[in-house]
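Below: the structure, in structure tokens.
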Amino acid sequence: RVRHKVHAASFDFLAPGAVLEICVVTGAHGPELKVRSRDHAIDFVLGMTTHFRVVPVLDVDTYRALCGVLDPGEEPEPAMVTGFLRNAVAQSPAVLSRTHACAA
């Protein structure tokens, strides 16, 4: 879909504790990965390289909230976030290829 001349595609990521809304946006400075949950304190954006890689930088509250929905009841640990991002980023090129010819 195109909004304000920016290509975007979104999909839901089913985590054990919540449904996370993932939106991949292609803009002038490259793609971005937006992650949000309406029911939890999760709403952040990560820049992506042209090869769909991200380096997560999350504040403590967002990190804890994200870990809480990824593996409820467990202590937060970086591997939870890394695994989630790997899965979300792996879907990004396929999602964009259905909506944006340059990503195909």
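Starting from 1 in every chain, residues are counted up; chains themselves are A, B, ... following the order of the structure tokens, and ligands are numbered from 1 as listed.
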
Residues of region 37-68 of chain A that approach region 79-89 of chain A to 12 Å or less, counting only C-alpha atoms: could you list each one with the shortest pair of atoms and its distance in Å to one decimal, rows by chain and increasing residue number, as JSON lines?
```
{"residue": "A:Val45", "atom": "CA", "partner": "A:Leu85", "partner_atom": "CA", "distance": 11.9}
{"residue": "A:Leu46", "atom": "CA", "partner": "A:Leu85", "partner_atom": "CA", "distance": 10.2}
{"residue": "A:Gly47", "atom": "CA", "partner": "A:Val89", "partner_atom": "CA", "distance": 11.3}
{"residue": "A:Met48", "atom": "CA", "partner": "A:Val89", "partner_atom": "CA", "distance": 9.0}
{"residue": "A:Thr49", "atom": "CA", "partner": "A:Val89", "partner_atom": "CA", "distance": 10.8}
{"residue": "A:Thr50", "atom": "CA", "partner": "A:Val89", "partner_atom": "CA", "distance": 11.7}
{"residue": "A:His51", "atom": "CA", "partner": "A:Val89", "partner_atom": "CA", "distance": 9.8}
{"residue": "A:Phe52", "atom": "CA", "partner": "A:Val89", "partner_atom": "CA", "distance": 6.4}
{"residue": "A:Arg53", "atom": "CA", "partner": "A:Val89", "partner_atom": "CA", "distance": 7.0}
{"residue": "A:Val54", "atom": "CA", "partner": "A:Val89", "partner_atom": "CA", "distance": 7.9}
{"residue": "A:Val55", "atom": "CA", "partner": "A:Leu85", "partner_atom": "CA", "distance": 9.4}
{"residue": "A:Pro56", "atom": "CA", "partner": "A:Thr82", "partner_atom": "CA", "distance": 8.4}
{"residue": "A:Val57", "atom": "CA", "partner": "A:Val81", "partner_atom": "CA", "distance": 10.7}
{"residue": "A:Leu58", "atom": "CA", "partner": "A:Val81", "partner_atom": "CA", "distance": 10.0}
{"residue": "A:Thr62", "atom": "CA", "partner": "A:Val81", "partner_atom": "CA", "distance": 10.8}
{"residue": "A:Tyr63", "atom": "CA", "partner": "A:Val81", "partner_atom": "CA", "distance": 7.9}
{"residue": "A:Arg64", "atom": "CA", "partner": "A:Val81", "partner_atom": "CA", "distance": 9.9}
{"residue": "A:Ala65", "atom": "CA", "partner": "A:Val81", "partner_atom": "CA", "distance": 10.7}
{"residue": "A:Leu66", "atom": "CA", "partner": "A:Val81", "partner_atom": "CA", "distance": 7.4}
{"residue": "A:Cys67", "atom": "CA", "partner": "A:Met80", "partner_atom": "CA", "distance": 6.3}
{"residue": "A:Gly68", "atom": "CA", "partner": "A:Met80", "partner_atom": "CA", "distance": 9.6}
```

Original post:
Just asking: which residues within region 1-103 of chain A are helix (DSSP H, G or I) according to DSSP, as a PyMOL selection string?
Top reply: chain A and resi 60-70+78-97+101-103

Original post:
Could you name the residues that touch region 34-40 of chain A at 6 Å or less, counting only C-alpha atoms, but leaving out those on the same chain fewer than 2 positions away, as a ChimeraX atom specification?
Top reply: /A:20-23,42-45

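For the set A:Glu77, A:Ser10, A:Asp59, A:Pro72, the residue with the smallest atom-to-atom gap to Glu32 (chain A) is A:Ser10, counting only C-alpha atoms.
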
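Interatomic distance, CA of Gly30 (chain A) to CA of Ala8 (chain A): 11.7 Å.
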